[in-house]
Amino acid sequence: MAMNAARLRKIVVCKDLGSAMPLLTERDDLEVIRWTEDRPCDRAWLLENVVGASGIVVCFQDQVDRELVNAAGPSLRVVSTISVGYDHIDLKVMAEHKIQIGYTPDILTDAVADSAVMLALMASRRTGETTSFVKNNQWPVFNWMPFAFCGPQLSTTPFSPTRTVGFLGFGRIAHAVLARLAAFGITHCIYTPRPGAAPQPARDAQLQARHRLAALTPVDLPTLARASDVLFVLAPGGARTRHLVDAPFLRQMKATSVLVNNGRGSVVDSAALARALAEGWIWGAGLDVVDEEPEVTAAHPLVGEPRCVVIPHIGSATLETRAEMAGLTAQNVLAGVLGEPVPVALEYSALI
Ligand SMILES: O=CC(=O)O
């Protein structure tokens, strides 16, 4: 039985949640307004439709700022983002208005860690160049040569027995990448702690023992740049991390090193990285995220770099993980609008 329109709670959905949508659309106490086009949600559409909403479903492409919160008005209780990242959400504004944030950590950790290792292998083993080579019909005329298309080996070998993995951002996903790389015989792990974070010697000792590492050490940024054979950028975005990987950083890296970015594009200065690749400061790069995304076309300097593998921000895109993320996003927004505890809420007061 349809409820009185005045009692319906409104949810605006900027990203279609696929098989999780019925959790919202099949309820008769909700009015669900959806952006259905196959492109990022239009800002003007969102501002117009969000008026009077109790909940909003967003992703990292949608800015949740004062303008949006004011447009929604005092009914807004929850913002549910289908992402682990939250740098698109103005936490101060959320705190001022006591709005809950639902997000999707943990369930995407394994999928993103898998893709980070994939990018490290693709970049070091020159997959961008070699797949183009085959597509351009060059294999039939290729005279196989011992040193053609060689790249640095990710795994250790008896004749190359040490390998250092570096992490800029050492949270859940970094730990999952480290666990995978233990099987490659990685011997040393270094990472830069979050500024102001307390040292964690017990945790580090545990990780070192679990993955049979010769050493696991917090280091400063210059040491991270200098010592990493493969460097994973898994830091959150935002002003604090913007362009931490810049030209001076890249210049200190080894000529055989590989940079992987699965964190946020804004952490790496694209122009500096393109120059580092073109001039051989580093060996290669594997990027799931790019500062200028989604405006990344064939004309982008990194896409044109043969030693750069670029994929379009799909680190968590497995069938299993995206279905879980969509389900959790729907549950988070639903609980928030009903005034119930949000199943996976960002505890953001300490982050402001
Ligand atoms: O980038 C993707 C996410 O934050 O989940």
# chains A, B, ... in the order shown; residues from 1 in each chain; ligands from 1

call {"tool": "residues_near_ligand", "arguments": {"ligand": "ligand 1", "cutoff": "8 Å", "atoms": "only C-alpha atoms and all ligand atoms", "output": "list in words"}}
result
Cys59, Phe60, Ile82, Ser83, Val84, Gly85, Tyr86, Thr104, Pro105, Leu108, Asn262, Gly263, Arg264, Val289, His313, Ile314, Gly315 and Ser316 of chain A

call {"tool": "residues_around", "arguments": {"residues": "Ser270 in chain A", "least_positions_apart": "3", "cutoff": "8 Å", "atoms": "only C-alpha atoms", "output": "PyMOL selection string"}}
result
chain A and resi 273-274+290-291+301-302

call {"tool": "select_by_dssp", "arguments": {"residues": "range 99-340 of chain A", "states": "strand (DSSP E or B)", "output": "PyMOL selection string"}}
result
chain A and resi 100-102+157+160+164-168+188-192+215-218+230-233+245+258-261+268+284-287+308-310

call {"tool": "atom_distance", "arguments": {"atom1": "CA of Thr217 in chain A", "atom2": "CA of Ile190 in chain A"}}
result
4.9 Å

call {"tool": "residues_around", "arguments": {"residues": "Ser155 in chain A", "least_positions_apart": "2", "cutoff": "6 Å", "atoms": "only C-alpha atoms", "output": "MDAnalysis selection string"}}
result
chainID A and resid 153 184:185

call {"tool": "residues_around", "arguments": {"residues": "Val267 in chain A", "least_positions_apart": "4", "cutoff": "7 Å", "atoms": "only C-alpha atoms", "output": "ChimeraX atom specification"}}
result
/A:237,241-245

call {"tool": "write_last_selection", "arguments": {"atoms": "all heavy atoms", "output": "compact mmCIF listing (two decimals), in the first residue's frame"}}
result
# COMPACT_ATOMS: atom_id res chain seq x y z
N GLY A 237 43.77 10.26 -0.87
CA GLY A 237 43.96 11.55 -1.54
C GLY A 237 43.80 12.70 -0.56
O GLY A 237 43.79 12.50 0.65
N THR A 241 48.41 14.67 0.97
CA THR A 241 49.23 13.74 0.19
C THR A 241 49.44 14.21 -1.25
O THR A 241 50.09 13.52 -2.03
CB THR A 241 48.56 12.35 0.14
OG1 THR A 241 47.24 12.50 -0.40
CG2 THR A 241 48.50 11.71 1.52
N ARG A 242 48.91 15.38 -1.59
CA ARG A 242 48.96 15.83 -2.99
C ARG A 242 50.40 15.93 -3.50
O ARG A 242 51.25 16.57 -2.89
CB ARG A 242 48.26 17.18 -3.11
CG ARG A 242 48.24 17.68 -4.52
CD ARG A 242 47.27 18.80 -4.80
NE ARG A 242 47.43 19.20 -6.18
CZ ARG A 242 47.00 18.51 -7.23
NH1 ARG A 242 46.32 17.40 -7.04
NH2 ARG A 242 47.21 18.91 -8.46
N HIS A 243 50.67 15.24 -4.59
CA HIS A 243 51.97 15.26 -5.28
C HIS A 243 53.14 14.95 -4.36
O HIS A 243 54.22 15.50 -4.53
CB HIS A 243 52.18 16.60 -5.99
CG HIS A 243 51.29 16.76 -7.20
ND1 HIS A 243 51.40 17.79 -8.10
CD2 HIS A 243 50.26 16.00 -7.66
CE1 HIS A 243 50.48 17.67 -9.05
NE2 HIS A 243 49.77 16.59 -8.80
N LEU A 244 52.94 14.06 -3.40
CA LEU A 244 54.09 13.58 -2.61
C LEU A 244 55.11 12.92 -3.54
O LEU A 244 56.31 12.98 -3.32
CB LEU A 244 53.63 12.57 -1.55
CG LEU A 244 52.99 13.12 -0.29
CD1 LEU A 244 52.61 11.99 0.65
CD2 LEU A 244 53.92 14.10 0.41
N VAL A 245 54.58 12.27 -4.57
CA VAL A 245 55.48 11.71 -5.58
C VAL A 245 55.61 12.75 -6.69
O VAL A 245 54.76 12.87 -7.57
CB VAL A 245 54.95 10.36 -6.12
CG1 VAL A 245 55.85 9.83 -7.22
CG2 VAL A 245 54.83 9.35 -4.98

call {"tool": "residues_around", "arguments": {"residues": "Ser257 in chain A", "least_positions_apart": "2", "cutoff": "6 Å", "atoms": "only C-alpha atoms", "output": "JSON list (two decimals) with C-alpha atoms, in the first residue's frame"}}
result
[["chain", "number", "residue", "atom", "x", "y", "z"],
["A", 229, "ASP", "CA", 62.54, -1.87, -6.00],
["A", 230, "VAL", "CA", 58.80, -1.69, -6.35],
["A", 254, "LYS", "CA", 66.32, 3.42, -8.84],
["A", 255, "ALA", "CA", 66.48, 3.21, -12.64],
["A", 282, "ILE", "CA", 62.57, 4.74, -13.23],
["A", 283, "TRP", "CA", 61.80, 1.53, -15.13]]

call {"tool": "residues_around", "arguments": {"residues": "Pro22 in chain A", "least_positions_apart": "6", "cutoff": "12 Å", "atoms": "only C-alpha atoms", "output": "MDAnalysis selection string"}}
result
chainID A and resid 16 28 30 32 326:327 330:331 334

call {"tool": "closest_residue", "arguments": {"among": "A:Ala174, A:Ala148, A:Val260, A:Met253", "to": "Glu129 in chain A", "atoms": "only C-alpha atoms"}}
result
A:Ala148

call {"tool": "closest_residue", "arguments": {"among": "A:Phe142, A:Ile89, A:Pro248, A:Leu47", "to": "Asp65 in chain A", "atoms": "only C-alpha atoms"}}
result
A:Ile89

call {"tool": "residues_around", "arguments": {"residues": "Ser124 in chain A", "least_positions_apart": "6", "cutoff": "8 Å", "atoms": "only C-alpha atoms", "output": "NGL selection string"}}
result
:A and (151-154 or 258 or 283-285)

call {"tool": "write_last_selection", "arguments": {"atoms": "N, CA and C atoms", "output": "PDB file, in the first residue's frame"}}
result
ATOM      1  N   GLY A 151      62.750  -7.223 -18.454  1.00  0.00           N
ATOM      2  CA  GLY A 151      62.426  -6.247 -17.408  1.00  0.00           C
ATOM      3  C   GLY A 151      62.879  -6.795 -16.080  1.00  0.00           C
ATOM      4  N   PRO A 152      62.872  -5.964 -15.034  1.00  0.00           N
ATOM      5  CA  PRO A 152      63.299  -6.449 -13.720  1.00  0.00           C
ATOM      6  C   PRO A 152      62.325  -7.488 -13.179  1.00  0.00           C
ATOM      7  N   GLN A 153      62.862  -8.484 -12.515  1.00  0.00           N
ATOM      8  CA  GLN A 153      62.042  -9.588 -11.982  1.00  0.00           C
ATOM      9  C   GLN A 153      61.488  -9.199 -10.622  1.00  0.00           C
ATOM     10  N   LEU A 154      60.195  -9.444 -10.443  1.00  0.00           N
ATOM     11  CA  LEU A 154      59.570  -9.100  -9.151  1.00  0.00           C
ATOM     12  C   LEU A 154      60.010 -10.086  -8.067  1.00  0.00           C
ATOM     13  N   VAL A 258      59.941   0.164 -10.122  1.00  0.00           N
ATOM     14  CA  VAL A 258      58.596   0.253 -10.707  1.00  0.00           C
ATOM     15  C   VAL A 258      57.673   0.930  -9.702  1.00  0.00           C
ATOM     16  N   TRP A 283      61.998   2.523 -14.065  1.00  0.00           N
ATOM     17  CA  TRP A 283      61.796   1.533 -15.134  1.00  0.00           C
ATOM     18  C   TRP A 283      60.406   1.603 -15.742  1.00  0.00           C
ATOM     19  N   GLY A 284      59.400   1.639 -14.885  1.00  0.00           N
ATOM     20  CA  GLY A 284      58.040   1.582 -15.408  1.00  0.00           C
ATOM     21  C   GLY A 284      57.027   1.980 -14.355  1.00  0.00           C
ATOM     22  N   ALA A 285      55.783   2.102 -14.800  1.00  0.00           N
ATOM     23  CA  ALA A 285      54.718   2.471 -13.861  1.00  0.00           C
ATOM     24  C   ALA A 285      53.447   1.721 -14.233  1.00  0.00           C
TER      25      ALA A 285
END

call {"tool": "closest_residue", "arguments": {"among": "A:Thr321, A:Ser349, A:Asn332, A:Ser266", "to": "Gly102 in chain A", "atoms": "only C-alpha atoms"}}
result
A:Asn332

call {"tool": "closest_residue", "arguments": {"among": "A:Asp106, A:Asp38, A:Glu305, A:Glu48", "to": "Arg172 in chain A", "atoms": "only C-alpha atoms"}}
result
A:Asp106
